[in-house]
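The next block is run.txt, given as compact mmCIF, C-alpha atoms.
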```txt
# COMPACT_ATOMS: atom_id res chain seq x y z
CA MET A 461 167.12 150.03 82.78
CA ALA A 462 164.55 148.01 84.70
CA HIS A 463 165.76 149.65 87.91
CA VAL A 464 165.12 153.10 86.47
CA ASP A 465 161.62 152.20 85.27
CA CYS A 466 160.77 150.80 88.69
CA PHE A 467 162.15 153.86 90.44
CA VAL A 468 160.12 156.28 88.30
CA LYS A 469 156.86 154.35 88.70
CA GLU A 470 157.27 154.10 92.46
CA LEU A 471 158.10 157.78 92.69
CA LEU A 472 155.03 158.77 90.68
CA SER A 473 152.74 156.66 92.87
CA SER A 474 154.32 157.66 96.17
CA ASP A 475 152.10 159.31 98.80
CA ALA A 476 154.78 161.94 99.26
CA MET A 477 154.21 163.09 95.66
CA LYS A 478 150.42 163.04 95.71
CA GLU A 479 150.21 166.84 95.52
CA TYR A 480 152.04 166.72 92.20
CA SER A 481 149.10 165.82 90.03
CA ARG A 482 150.84 166.15 86.67
CA ALA A 483 154.12 164.74 85.46
CA ARG A 484 156.12 164.29 82.30
CA VAL A 485 158.94 161.73 82.27
CA TYR A 486 161.31 161.28 79.33
CA LEU A 487 163.94 158.55 79.56
CA ASP A 488 166.34 157.69 76.77
CA GLU A 489 166.66 153.94 77.36
CA ASN A 490 167.37 152.61 73.89
CA TYR A 491 170.98 151.68 74.65
CA LYS A 492 171.14 149.46 71.56
CA SER A 493 171.04 152.50 69.30
CA GLN A 494 174.61 153.78 69.03
CA GLU A 495 173.41 156.55 66.75
CA HIS A 496 170.91 158.08 69.19
CA PHE A 497 171.48 156.81 72.76
CA THR A 498 172.44 159.56 75.23
CA ALA A 499 171.51 157.96 78.60
CA LEU A 500 169.79 161.25 79.43
CA GLY A 501 166.31 161.79 80.75
CA SER A 502 164.06 164.47 82.19
CA CYS A 503 161.34 164.15 84.82
CA TYR A 504 158.96 167.05 85.44
CA PHE A 505 156.57 167.13 88.42
CA LEU A 506 153.91 169.85 88.59
CA HIS A 507 152.16 170.86 91.80
CA GLU A 508 148.36 170.82 91.86
CA SER A 509 148.26 174.50 92.83
CA LEU A 510 149.81 175.45 89.49
CA LYS A 511 146.78 176.13 87.30
CA ASN A 512 148.20 177.45 84.08
CA ILE A 513 151.15 175.59 82.60
CA HIS A 514 151.74 174.49 79.02
CA GLN A 515 154.42 172.51 77.22
CA PHE A 516 155.58 173.15 73.69
CA ASP A 517 154.98 170.66 70.88
CA PHE A 518 158.01 171.03 68.60
CA LYS A 519 156.27 169.25 65.72
CA ALA A 520 152.96 171.12 65.84
CA LYS A 521 154.80 174.32 66.87
CA LYS A 522 152.29 175.24 69.56
CA PHE A 523 151.86 174.95 73.30
CA LYS A 524 149.63 172.28 74.81
CA LYS A 525 148.14 172.26 78.28
CA VAL A 526 149.78 169.77 80.60
CA VAL A 527 147.33 167.29 82.15
CA GLY A 528 147.82 163.90 83.80
CA LYS A 529 151.01 161.88 84.17
CA GLU A 530 152.86 160.47 81.18
CA ILE A 531 156.06 158.44 80.80
CA TYR A 532 158.04 158.20 77.58
CA SER A 533 161.01 155.84 77.31
CA ASP A 534 162.93 153.62 74.91
CA THR A 535 163.35 155.95 71.90
CA LEU A 536 162.54 159.63 72.25
CA GLU A 537 163.17 160.62 68.64
CA SER A 538 159.45 160.40 67.83
CA THR A 539 158.33 162.37 70.88
CA PRO A 540 157.24 165.86 69.70
CA MET A 541 157.37 167.42 73.18
CA LEU A 542 161.16 167.56 73.26
CA GLU A 543 164.30 167.79 71.19
CA LYS A 544 167.04 165.28 71.87
CA GLU A 545 170.33 165.07 70.03
CA LYS A 546 173.53 163.16 70.44
CA PHE A 547 176.74 164.87 69.44
CA PRO A 548 178.39 163.66 66.22
CA GLN A 549 180.98 160.94 66.81
CA ASP A 550 183.80 163.02 65.35
CA TYR A 551 183.31 165.57 68.15
CA PHE A 552 185.00 163.14 70.55
CA PRO A 553 187.11 160.74 68.46
CA GLU A 554 188.85 159.18 71.50
CA CYS A 555 185.62 157.51 72.58
CA LYS A 556 184.30 154.74 70.35
CA TRP A 557 180.77 155.15 71.71
CA SER A 558 180.10 158.45 73.41
CA ARG A 559 176.73 159.01 75.07
CA LYS A 560 177.01 162.79 75.28
CA GLY A 561 174.24 165.06 74.05
CA PHE A 562 171.32 167.22 75.19
CA ILE A 563 167.57 167.22 75.81
CA ARG A 564 165.51 170.36 75.35
CA THR A 565 161.97 171.08 76.52
CA ARG A 566 159.99 174.33 76.37
CA TRP A 567 157.49 175.47 78.97
CA ALA A 568 155.08 178.35 79.52
CA LEU A 569 154.11 179.46 83.01
CA ALA A 570 151.31 181.97 82.59
CA ASP A 571 152.76 184.32 79.94
CA CYS A 572 156.40 183.41 80.55
CA ALA A 573 157.96 180.92 78.11
CA PHE A 574 161.43 179.43 78.57
CA ASP A 575 163.60 176.50 77.47
CA LEU A 576 165.18 173.98 79.84
CA VAL A 577 168.20 172.26 78.29
CA ASN A 578 169.78 169.30 80.04
CA ILE A 579 173.30 168.82 78.72
CA HIS A 580 176.19 166.39 79.15
CA LEU A 581 179.51 167.35 77.55
CA PHE A 582 182.73 165.41 76.98
CA HIS A 583 185.07 164.56 79.83
CA ASP A 584 188.87 164.66 80.06
CA ALA A 585 189.87 161.14 79.05
CA SER A 586 193.49 161.54 80.20
CA ASN A 587 195.10 163.85 82.76
CA ILE A 588 198.41 163.41 80.95
CA LEU A 589 196.98 164.63 77.65
CA ALA A 590 195.02 167.43 79.37
CA ARG A 591 198.30 168.82 80.72
CA GLU A 592 200.12 168.88 77.40
CA LYS A 593 198.88 172.29 76.32
CA SER A 594 196.84 175.23 77.53
CA PRO A 595 193.94 175.17 76.90
CA SER A 596 193.67 171.41 76.58
CA VAL A 597 192.45 169.50 73.56
CA TYR A 598 189.39 168.44 75.58
CA SER A 599 188.46 172.04 76.22
CA GLY A 600 188.24 172.53 72.47
CA MET A 601 185.96 169.50 72.13
CA ARG A 602 183.59 170.85 74.78
CA GLN A 603 183.62 174.29 73.19
CA LYS A 604 182.61 172.81 69.85
CA ALA A 605 179.80 170.73 71.39
CA LEU A 606 178.40 173.59 73.48
CA GLY A 607 178.45 175.86 70.44
CA PHE A 608 176.51 173.17 68.58
CA VAL A 609 173.82 173.16 71.29
CA LEU A 610 173.52 176.95 71.43
CA ASP A 611 173.22 177.16 67.66
CA ARG A 612 170.45 174.53 67.71
CA ILE A 613 168.35 176.14 70.44
CA THR A 614 168.62 179.62 68.94
CA ASP A 615 168.15 178.83 65.25
CA GLN A 616 165.27 180.07 63.10
CA ARG A 617 163.01 177.02 63.43
CA PHE A 618 161.22 178.31 66.53
CA GLU A 619 160.57 181.57 68.31
CA LYS A 620 163.48 182.56 70.52
CA VAL A 621 162.77 182.46 74.25
CA PRO A 622 164.90 182.70 77.41
CA TYR A 623 166.86 179.50 78.01
CA PHE A 624 168.58 177.75 80.88
CA VAL A 625 171.34 175.26 80.07
CA PHE A 626 172.32 173.06 82.98
CA GLY A 627 173.95 169.72 83.72
CA ASP A 628 177.38 168.15 83.65
CA PHE A 629 179.35 170.44 81.34
CA ASN A 630 182.54 168.65 82.39
CA PHE A 631 184.25 172.05 82.44
CA ARG A 632 187.76 171.60 83.88
CA LEU A 633 190.34 173.94 85.22
CA ASP A 634 193.25 174.58 82.89
CA THR A 635 195.27 171.55 83.97
CA ARG A 636 198.62 172.84 82.80
CA GLN A 637 198.23 176.19 84.55
CA VAL A 638 196.95 174.59 87.77
CA ILE A 639 199.93 172.26 87.95
CA GLU A 640 202.34 175.11 87.28
CA SER A 641 200.74 177.00 90.15
CA LEU A 642 200.67 174.08 92.59
CA CYS A 643 204.15 172.79 91.71
CA SER A 644 205.99 176.01 90.93
CA THR A 645 209.04 175.01 93.01
CA ALA A 646 208.89 171.27 92.33
CA THR A 647 210.90 169.20 89.89
CA MET A 648 209.19 166.84 87.47
CA GLN A 649 210.08 163.20 86.82
CA THR A 650 208.67 161.54 83.71
CA VAL A 651 207.97 157.80 83.71
CA ARG A 652 207.47 156.18 80.30
CA VAL A 653 206.20 152.83 79.10
CA GLY A 654 209.15 150.81 77.83
CA ASP A 655 207.67 149.45 74.61
CA THR A 656 205.98 152.60 73.30
CA ASN A 657 207.87 155.36 75.11
CA GLU A 658 204.45 156.79 75.96
CA VAL A 659 204.28 158.93 79.11
CA GLU A 660 202.77 156.78 81.86
CA LYS A 661 203.07 159.14 84.84
CA LEU A 662 204.51 162.46 85.95
CA ILE A 663 205.88 162.82 89.47
CA PHE A 664 206.45 166.28 90.96
CA ARG A 665 208.81 166.44 93.96
CA GLU A 666 209.80 169.24 96.28
CA SER A 667 213.32 170.50 95.64
CA GLU A 668 214.04 170.20 99.35
CA ASN A 669 212.19 168.58 102.28
CA ASP A 670 213.53 165.11 101.43
CA ARG A 671 212.13 165.51 97.90
CA LYS A 672 208.63 164.75 99.08
CA VAL A 673 206.14 163.93 96.31
CA VAL A 674 203.79 166.90 95.83
CA LEU A 675 201.74 165.60 92.91
CA GLN A 676 201.51 162.35 90.99
CA LEU A 677 199.76 162.50 87.64
CA GLU A 678 198.60 159.57 85.53
CA LYS A 679 195.90 159.06 82.93
CA LYS A 680 193.24 158.70 85.62
CA LEU A 681 195.16 159.87 88.67
CA PHE A 682 195.55 163.37 90.11
CA ASN A 683 197.00 162.78 93.55
CA TYR A 684 197.92 166.12 95.15
CA ILE A 685 199.47 166.24 98.58
CA ASN A 686 196.91 168.68 100.06
CA GLN A 687 193.47 168.73 98.51
CA ASP A 688 192.26 171.15 101.20
CA VAL A 689 193.55 173.99 99.00
CA PHE A 690 190.61 173.36 96.67
CA ARG A 691 188.13 173.90 99.52
CA GLU A 692 189.76 176.91 101.18
CA ASN A 693 187.71 180.05 100.59
CA ASN A 694 185.43 177.95 98.36
CA GLY A 695 188.28 177.36 95.94
CA ALA A 696 188.44 181.05 94.98
CA LEU A 697 192.16 180.76 94.23
CA PHE A 698 191.39 178.43 91.32
CA LEU A 699 188.62 180.42 89.65
CA GLN A 700 191.32 182.13 87.57
CA PHE A 701 191.89 178.77 85.87
CA ASP A 702 188.17 178.22 85.19
CA SER A 703 188.10 179.76 81.73
CA GLU A 704 186.16 177.46 79.43
CA LEU A 705 183.13 179.77 79.39
CA SER A 706 185.11 182.81 78.29
CA CYS A 707 184.45 182.27 74.59
CA PHE A 708 180.69 182.20 75.24
CA LYS A 709 180.49 185.38 77.34
CA GLU A 710 178.13 187.02 74.83
CA ARG A 711 175.74 184.05 74.77
CA LEU A 712 175.83 182.51 78.24
CA HIS A 713 175.69 184.06 81.68
CA GLU A 714 176.23 182.71 85.16
CA LEU A 715 175.77 184.00 88.67
CA GLU A 716 178.71 184.19 91.03
CA ILE A 717 180.32 180.89 92.02
CA SER A 718 180.65 180.79 95.80
CA PHE A 719 181.10 177.10 96.52
CA PRO A 720 184.04 174.69 96.18
CA PRO A 721 184.67 172.69 93.01
CA SER A 722 181.77 170.28 92.50
CA TYR A 723 183.81 167.35 91.12
CA PRO A 724 185.15 164.67 91.76
CA TYR A 725 183.74 164.08 95.24
CA SER A 726 184.10 160.65 96.82
CA GLU A 727 181.35 158.14 96.10
CA ASP A 728 181.82 156.78 99.63
CA SER A 729 179.04 158.31 101.73
CA SER A 730 181.32 158.32 104.79
CA GLN A 731 183.75 160.63 102.95
CA GLY A 732 181.31 163.04 101.36
CA LYS A 733 183.60 166.08 101.75
CA GLN A 734 186.65 164.40 100.24
CA TYR A 735 187.68 164.53 96.60
CA MET A 736 188.70 161.38 94.80
CA ASP A 737 192.25 161.41 93.46
CA THR A 738 191.18 160.68 89.88
CA ARG A 739 190.94 164.22 88.47
CA CYS A 740 191.83 167.76 89.36
CA PRO A 741 188.85 169.26 91.24
CA ALA A 742 186.75 171.53 89.04
CA TRP A 743 183.36 173.19 88.66
CA CYS A 744 181.94 170.67 86.19
CA ASP A 745 178.30 171.21 87.15
CA ARG A 746 176.80 174.52 86.15
CA VAL A 747 173.59 176.47 85.67
CA LEU A 748 174.01 178.80 82.69
CA MET A 749 171.47 181.05 81.05
CA SER A 750 170.80 183.49 78.27
CA ALA A 751 170.79 187.21 79.00
CA THR A 752 166.98 187.23 78.91
CA ALA A 753 166.84 184.27 81.29
CA LYS A 754 169.18 186.03 83.70
CA ASP A 755 166.84 189.02 83.64
CA LEU A 756 164.00 186.70 84.63
CA VAL A 757 166.01 185.33 87.54
CA LEU A 758 166.90 188.76 88.84
CA LYS A 759 163.43 190.24 88.39
CA MET A 760 161.12 187.43 89.48
CA GLU A 761 160.22 187.49 93.15
CA GLU A 762 160.28 183.74 93.42
CA CYS A 763 162.52 181.76 91.09
CA THR A 764 164.88 178.93 91.93
CA VAL A 765 167.10 177.03 89.54
CA CYS A 766 169.06 174.13 91.00
CA GLU A 767 171.23 171.40 89.64
CA TYR A 768 171.66 168.13 91.48
CA SER A 769 173.91 165.27 90.58
CA SER A 770 175.21 162.08 92.04
CA GLY A 771 178.32 160.63 93.60
CA ARG A 772 181.39 162.38 92.24
CA LEU A 773 179.41 165.50 91.33
CA LYS A 774 178.17 167.93 93.95
CA PRO A 775 175.17 170.17 93.27
CA SER A 776 175.42 173.61 91.76
CA CYS A 777 172.41 175.58 92.97
CA LEU A 778 171.22 178.94 91.79
CA HIS A 779 168.78 180.80 94.05
CA ARG A 780 168.50 184.35 92.80
CA GLN A 781 171.91 185.87 93.48
CA TYR A 782 172.82 183.26 96.08
CA ILE A 783 174.54 179.94 95.40
CA TYR A 784 174.51 177.22 98.03
CA PRO A 785 176.22 173.80 97.94
CA ARG A 786 174.65 170.92 99.87
CA SER A 787 174.77 167.13 99.66
CA TYR A 788 172.48 164.39 100.94
CA ARG A 789 172.47 160.70 100.13
CA VAL A 790 169.61 158.22 99.99
CA PRO A 791 170.94 154.73 100.83
CA LEU A 792 169.73 151.43 99.50
CA GLY A 793 167.81 149.07 101.68
CA HIS A 794 169.28 145.67 102.50
CA ASN A 795 167.55 144.16 99.48
CA GLY A 796 168.87 146.82 97.11
CA SER A 797 165.65 148.85 97.05
CA ILE A 798 165.61 152.63 96.95
CA ASN A 799 164.48 154.41 100.10
CA LEU A 800 161.72 156.38 98.34
CA GLU A 801 160.24 157.78 101.54
CA LEU A 802 163.48 159.51 102.41
CA LEU A 803 164.08 160.60 98.82
CA CYS A 804 160.61 162.13 98.54
CA SER A 805 161.00 163.85 101.90
CA LEU A 806 164.16 165.54 100.65
CA CYS A 807 162.49 166.49 97.38
CA LEU A 808 159.53 167.99 99.24
CA LEU A 809 161.84 170.24 101.22
CA ILE A 810 162.36 171.96 97.89
CA LEU A 811 158.81 171.67 96.65
CA LYS A 812 157.20 173.06 99.80
CA SER A 813 158.96 176.36 99.22
CA THR A 814 156.29 177.17 96.63
CA HIS A 815 154.67 180.11 98.39
CA TRP A 816 157.73 181.56 100.08
CA ARG A 817 158.50 185.14 99.07
CA SER A 818 161.65 186.65 100.54
CA PRO A 819 163.88 187.64 97.62
CA LYS A 820 166.06 190.01 99.64
CA LEU A 821 167.17 187.54 102.27
CA GLY A 822 170.74 186.35 102.09
CA PRO A 823 172.05 182.89 102.94
CA THR A 824 172.77 183.78 106.57
CA THR A 825 169.37 185.37 107.20
CA LEU A 826 167.12 182.68 105.75
CA PRO A 827 164.46 181.47 108.20
CA LYS A 828 165.52 178.18 109.73
CA SER A 829 162.63 176.30 108.16
CA ARG A 830 163.68 177.53 104.73
CA ARG A 831 167.46 177.49 105.04
CA GLY A 832 168.95 175.24 102.42
CA ILE A 833 165.65 174.48 100.68
CA VAL A 834 167.30 174.62 97.28
CA ASN A 835 170.34 172.59 98.11
CA TYR A 836 169.32 168.98 98.57
CA GLN A 837 171.00 166.27 96.54
CA PRO A 838 169.13 162.98 96.59
CA ILE A 839 171.49 160.21 95.49
CA CYS A 840 170.16 156.73 94.78
CA HIS A 841 172.47 153.80 94.12
CA LEU A 842 170.66 151.30 91.91
CA ARG A 843 172.96 148.48 93.00
CA PRO A 844 175.47 148.16 95.83
CA SER A 845 178.33 149.26 93.58
CA PRO A 846 180.59 152.33 93.67
CA SER A 847 180.53 152.62 89.91
CA ALA A 848 178.85 155.74 88.55
CA GLN A 849 177.05 153.68 85.93
CA HIS A 850 174.99 152.12 88.72
CA GLN A 851 173.71 155.42 90.06
CA ILE A 852 170.91 157.76 89.19
CA GLY A 853 172.19 161.29 88.80
CA LEU A 854 169.52 163.81 89.66
CA GLN A 855 169.81 167.24 88.07
CA THR A 856 166.98 169.50 89.05
CA VAL A 857 165.48 172.73 87.85
CA VAL A 858 162.83 174.17 90.15
CA PHE A 859 160.56 177.02 89.24
CA PRO A 860 157.59 177.97 91.43
CA GLN A 861 155.57 174.77 91.69
CA LEU A 862 157.44 173.09 88.80
CA PHE A 863 159.83 170.35 89.86
CA ALA A 864 162.03 169.06 87.03
CA VAL A 865 164.50 166.21 87.39
CA PRO A 866 166.71 165.37 84.41
CA VAL A 867 168.21 161.94 85.00
CA TRP A 868 171.45 160.26 83.94
CA LEU A 869 170.73 156.59 83.44
```

What do you get writing this file as structure tokens?
Amino acid sequence: MAHVDCFVKELLSSDAMKEYSRARVYLDENYKSQEHFTALGSCYFLHESLKNIHQFDFKAKKFKKVVGKEIYSDTLESTPMLEKEKFPQDYFPECKWSRKGFIRTRWALADCAFDLVNIHLFHDASNILAREKSPSVYSGMRQKALGFVLDRITDQRFEKVPYFVFGDFNFRLDTRQVIESLCSTATMQTVRVGDTNEVEKLIFRESENDRKVVLQLEKKLFNYINQDVFRENNGALFLQFDSELSCFKERLHELEISFPPSYPYSEDSSQGKQYMDTRCPAWCDRVLMSATAKDLVLKMEECTVCEYSSGRLKPSCLHRQYIYPRSYRVPLGHNGSINLELLCSLCLLILKSTHWRSPKLGPTTLPKSRRGIVNYQPICHLRPSPSAQHQIGLQTVVFPQLFAVPVWL
């Protein structure tokens, strides 16, 4: 956690961020608390040109003007400016200590109030188990958790406002249906563990062509012979298997997906366009919204909502009706330090779009100086390790002159 604290303090004091005169940073760092720890955090940076912004106090039930820079860490349960909850343990019984949950903040820009909800849902613990039935048991767990969040942020305790829910939903394609589609003419070989008779791996071979292996599936292995199929036409062929949102169609809305699956990209910066062979590629990272929030997006002349995340997860970016994927990486220095100058430069490419007003321009007609302004993905390894636990995942929501970075610790 010391690395995160150092990173945040250096970022706040950086010359590149000097125009962002107000900030709110919330980091859930109390990893000793199994009952409350989520490893989530949210960082909000406000540009000096933004004169009228308030944040909601959930305890006092009123908005308060945002002034100065403040950092809250360790435990966030006593912080009245947000709501943070960890999902009940029985929601994901396979994991002895799950860190999944959500953080909610409420903001008012002029006379427009809205909620920003950073969420992290349960993953697929086993490819083998995910394939057993359609939809998978993990899909049901995520459905239950997301329903829990929506019920909490729309209950009667507070006035209802438009809301954006974004982060790592861990939504997966229907594994069984995908495999049936990819291996429709293949034969399946089952390999079991001798002592327990438990399925250890599934091997799918072509019926002809020297019985070449098409797909090998294990608990944490999804090794398909040609992963290019997931990138062709931005993965449009597989959208039919992306169905986990269907049961929330009355409560959550999403703009058109026009980018390849965002997970699990390689953590090796030299192979940034390659998927790892651990999971079936999927659109895990999403920006979802209420019907009223979608109306705001479509009506406001200048409104950008972006999600950024690290390593295995590529960004999902919402810019009016256009969605752009991009990826950039910020390397460590030789001594393990974060290259803040480069990170801040990438962040400012987003932030400097404050006064730009061209809502009718499409992705191919954007001025060169603005093209891709919403698509940058700063990635900072805290240590020279490929493990995701040693990375900062940046998920970002950007409104005019409001720069928000929820962080996975």

Nearest to Leu581 of chain A: which of A:Phe631, A:Phe664, A:Tyr532, A:Phe708 is it, counting all atoms listed in the file?
-> A:Phe631

From the list A:Arg566, A:Arg746, A:Lys661, A:Lys546, the nearest residue to Phe608 of chain A using all atoms listed in the file is A:Lys546

Can you list, as JSON, numbers by chain, every protein, DNA or RNA residue that comes within 10 Å of Asp465 of chain A when you count all atoms listed in the file, leaving out same-chain residues fewer than 3 positions away?
-> {"A": [461, 462, 468, 469, 470, 471, 487, 489, 531, 533]}

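Across the structure, atom CA of Thr738 of chain A and atom CA of Asp584 of chain A are spaced 10.8 Å apart.
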
Cut-off 12 Å around (194.8, 167.4, 74.7) with all atoms listed in the file: residues as a ChimeraX atom specification = /A:552-554,583-602,634-636,679

Output the selection as a PDB file, keeping the file's coordinate frame - C-alpha atoms for each residue.
```pdb
ATOM      1  CA  PHE A 552     185.000 163.140  70.550  1.00  0.00           C
ATOM      2  CA  PRO A 553     187.110 160.740  68.460  1.00  0.00           C
ATOM      3  CA  GLU A 554     188.850 159.180  71.500  1.00  0.00           C
ATOM      4  CA  HIS A 583     185.070 164.560  79.830  1.00  0.00           C
ATOM      5  CA  ASP A 584     188.870 164.660  80.060  1.00  0.00           C
ATOM      6  CA  ALA A 585     189.870 161.140  79.050  1.00  0.00           C
ATOM      7  CA  SER A 586     193.490 161.540  80.200  1.00  0.00           C
ATOM      8  CA  ASN A 587     195.100 163.850  82.760  1.00  0.00           C
ATOM      9  CA  ILE A 588     198.410 163.410  80.950  1.00  0.00           C
ATOM     10  CA  LEU A 589     196.980 164.630  77.650  1.00  0.00           C
ATOM     11  CA  ALA A 590     195.020 167.430  79.370  1.00  0.00           C
ATOM     12  CA  ARG A 591     198.300 168.820  80.720  1.00  0.00           C
ATOM     13  CA  GLU A 592     200.120 168.880  77.400  1.00  0.00           C
ATOM     14  CA  LYS A 593     198.880 172.290  76.320  1.00  0.00           C
ATOM     15  CA  SER A 594     196.840 175.230  77.530  1.00  0.00           C
ATOM     16  CA  PRO A 595     193.940 175.170  76.900  1.00  0.00           C
ATOM     17  CA  SER A 596     193.670 171.410  76.580  1.00  0.00           C
ATOM     18  CA  VAL A 597     192.450 169.500  73.560  1.00  0.00           C
ATOM     19  CA  TYR A 598     189.390 168.440  75.580  1.00  0.00           C
ATOM     20  CA  SER A 599     188.460 172.040  76.220  1.00  0.00           C
ATOM     21  CA  GLY A 600     188.240 172.530  72.470  1.00  0.00           C
ATOM     22  CA  MET A 601     185.960 169.500  72.130  1.00  0.00           C
ATOM     23  CA  ARG A 602     183.590 170.850  74.780  1.00  0.00           C
ATOM     24  CA  ASP A 634     193.250 174.580  82.890  1.00  0.00           C
ATOM     25  CA  THR A 635     195.270 171.550  83.970  1.00  0.00           C
ATOM     26  CA  ARG A 636     198.620 172.840  82.800  1.00  0.00           C
ATOM     27  CA  LYS A 679     195.900 159.060  82.930  1.00  0.00           C
TER      28      LYS A 679
END
```

Work out how far atom CA of Val757 of chain A is from atom CA of Lys519 of chain A, in Å to one decimal.
-> 28.8 Å

Taking the point (162.1, 155.1, 68.7) as given in the file, collect each protein or nucleic acid residue that comes within 12 Å of it, counting all atoms listed in the file, and present the set as an NGL selection string.
-> :A and (487-493 or 495-497 or 532-540 or 544)

For atom CA of Ala570 of chain A and atom CA of Val527 of chain A, the interatomic separation in Å (one decimal) = 15.2 Å

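Among A:Glu545, A:Asp575, A:Asp615, A:Asp702, the residue with the shortest atom-to-atom distance to Leu633 of chain A, counting all atoms listed in the file, is A:Asp702.
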
For Asp688 of chain A, please output as JSON, numbers by chain all residues within 12 Å (counting only C-alpha atoms; exclusion window: fewer than 5 positions along the same chain).
-> {"A": [693, 694, 695, 697, 720, 721, 733, 734, 735, 741]}

Have a look at A:Phe719, A:Phe698, A:Tyr551, A:Trp567 and name the one nearest to Lys524 of chain A; count only C-alpha atoms.
-> A:Trp567

Shell around Arg482 of chain A at 12 Å using all atoms listed in the file, local window under 2 positions removed, as JSON, numbers by chain | {"A": [472, 473, 477, 478, 479, 480, 484, 485, 503, 504, 505, 506, 507, 508, 509, 510, 511, 512, 513, 514, 515, 525, 526, 527, 528, 529, 530, 531, 861, 862, 863, 864]}

Keeping only C-alpha atoms, take the residues you just selected and write them out as an mmCIF file, in the coordinates of the input.
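Saved the output as result.cif:
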```cif
data_model
loop_
_atom_site.group_PDB
_atom_site.id
_atom_site.type_symbol
_atom_site.label_atom_id
_atom_site.label_comp_id
_atom_site.auth_asym_id
_atom_site.auth_seq_id
_atom_site.Cartn_x
_atom_site.Cartn_y
_atom_site.Cartn_z
ATOM 1 C CA LEU A 472 155.030 158.770 90.680
ATOM 2 C CA SER A 473 152.740 156.660 92.870
ATOM 3 C CA MET A 477 154.210 163.090 95.660
ATOM 4 C CA LYS A 478 150.420 163.040 95.710
ATOM 5 C CA GLU A 479 150.210 166.840 95.520
ATOM 6 C CA TYR A 480 152.040 166.720 92.200
ATOM 7 C CA ARG A 484 156.120 164.290 82.300
ATOM 8 C CA VAL A 485 158.940 161.730 82.270
ATOM 9 C CA CYS A 503 161.340 164.150 84.820
ATOM 10 C CA TYR A 504 158.960 167.050 85.440
ATOM 11 C CA PHE A 505 156.570 167.130 88.420
ATOM 12 C CA LEU A 506 153.910 169.850 88.590
ATOM 13 C CA HIS A 507 152.160 170.860 91.800
ATOM 14 C CA GLU A 508 148.360 170.820 91.860
ATOM 15 C CA SER A 509 148.260 174.500 92.830
ATOM 16 C CA LEU A 510 149.810 175.450 89.490
ATOM 17 C CA LYS A 511 146.780 176.130 87.300
ATOM 18 C CA ASN A 512 148.200 177.450 84.080
ATOM 19 C CA ILE A 513 151.150 175.590 82.600
ATOM 20 C CA HIS A 514 151.740 174.490 79.020
ATOM 21 C CA GLN A 515 154.420 172.510 77.220
ATOM 22 C CA LYS A 525 148.140 172.260 78.280
ATOM 23 C CA VAL A 526 149.780 169.770 80.600
ATOM 24 C CA VAL A 527 147.330 167.290 82.150
ATOM 25 C CA GLY A 528 147.820 163.900 83.800
ATOM 26 C CA LYS A 529 151.010 161.880 84.170
ATOM 27 C CA GLU A 530 152.860 160.470 81.180
ATOM 28 C CA ILE A 531 156.060 158.440 80.800
ATOM 29 C CA GLN A 861 155.570 174.770 91.690
ATOM 30 C CA LEU A 862 157.440 173.090 88.800
ATOM 31 C CA PHE A 863 159.830 170.350 89.860
ATOM 32 C CA ALA A 864 162.030 169.060 87.030
#
```

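The shortest atom-to-atom distance to Leu756 of chain A, with only C-alpha atoms taken into account, belongs to A:Phe624 out of A:Phe562, A:Phe624, A:Ser481, A:Pro724.
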
Closest of A:Ala573, A:Met736, A:Val673, A:Leu606 to Val625 of chain A, counting all atoms listed in the file, is A:Leu606
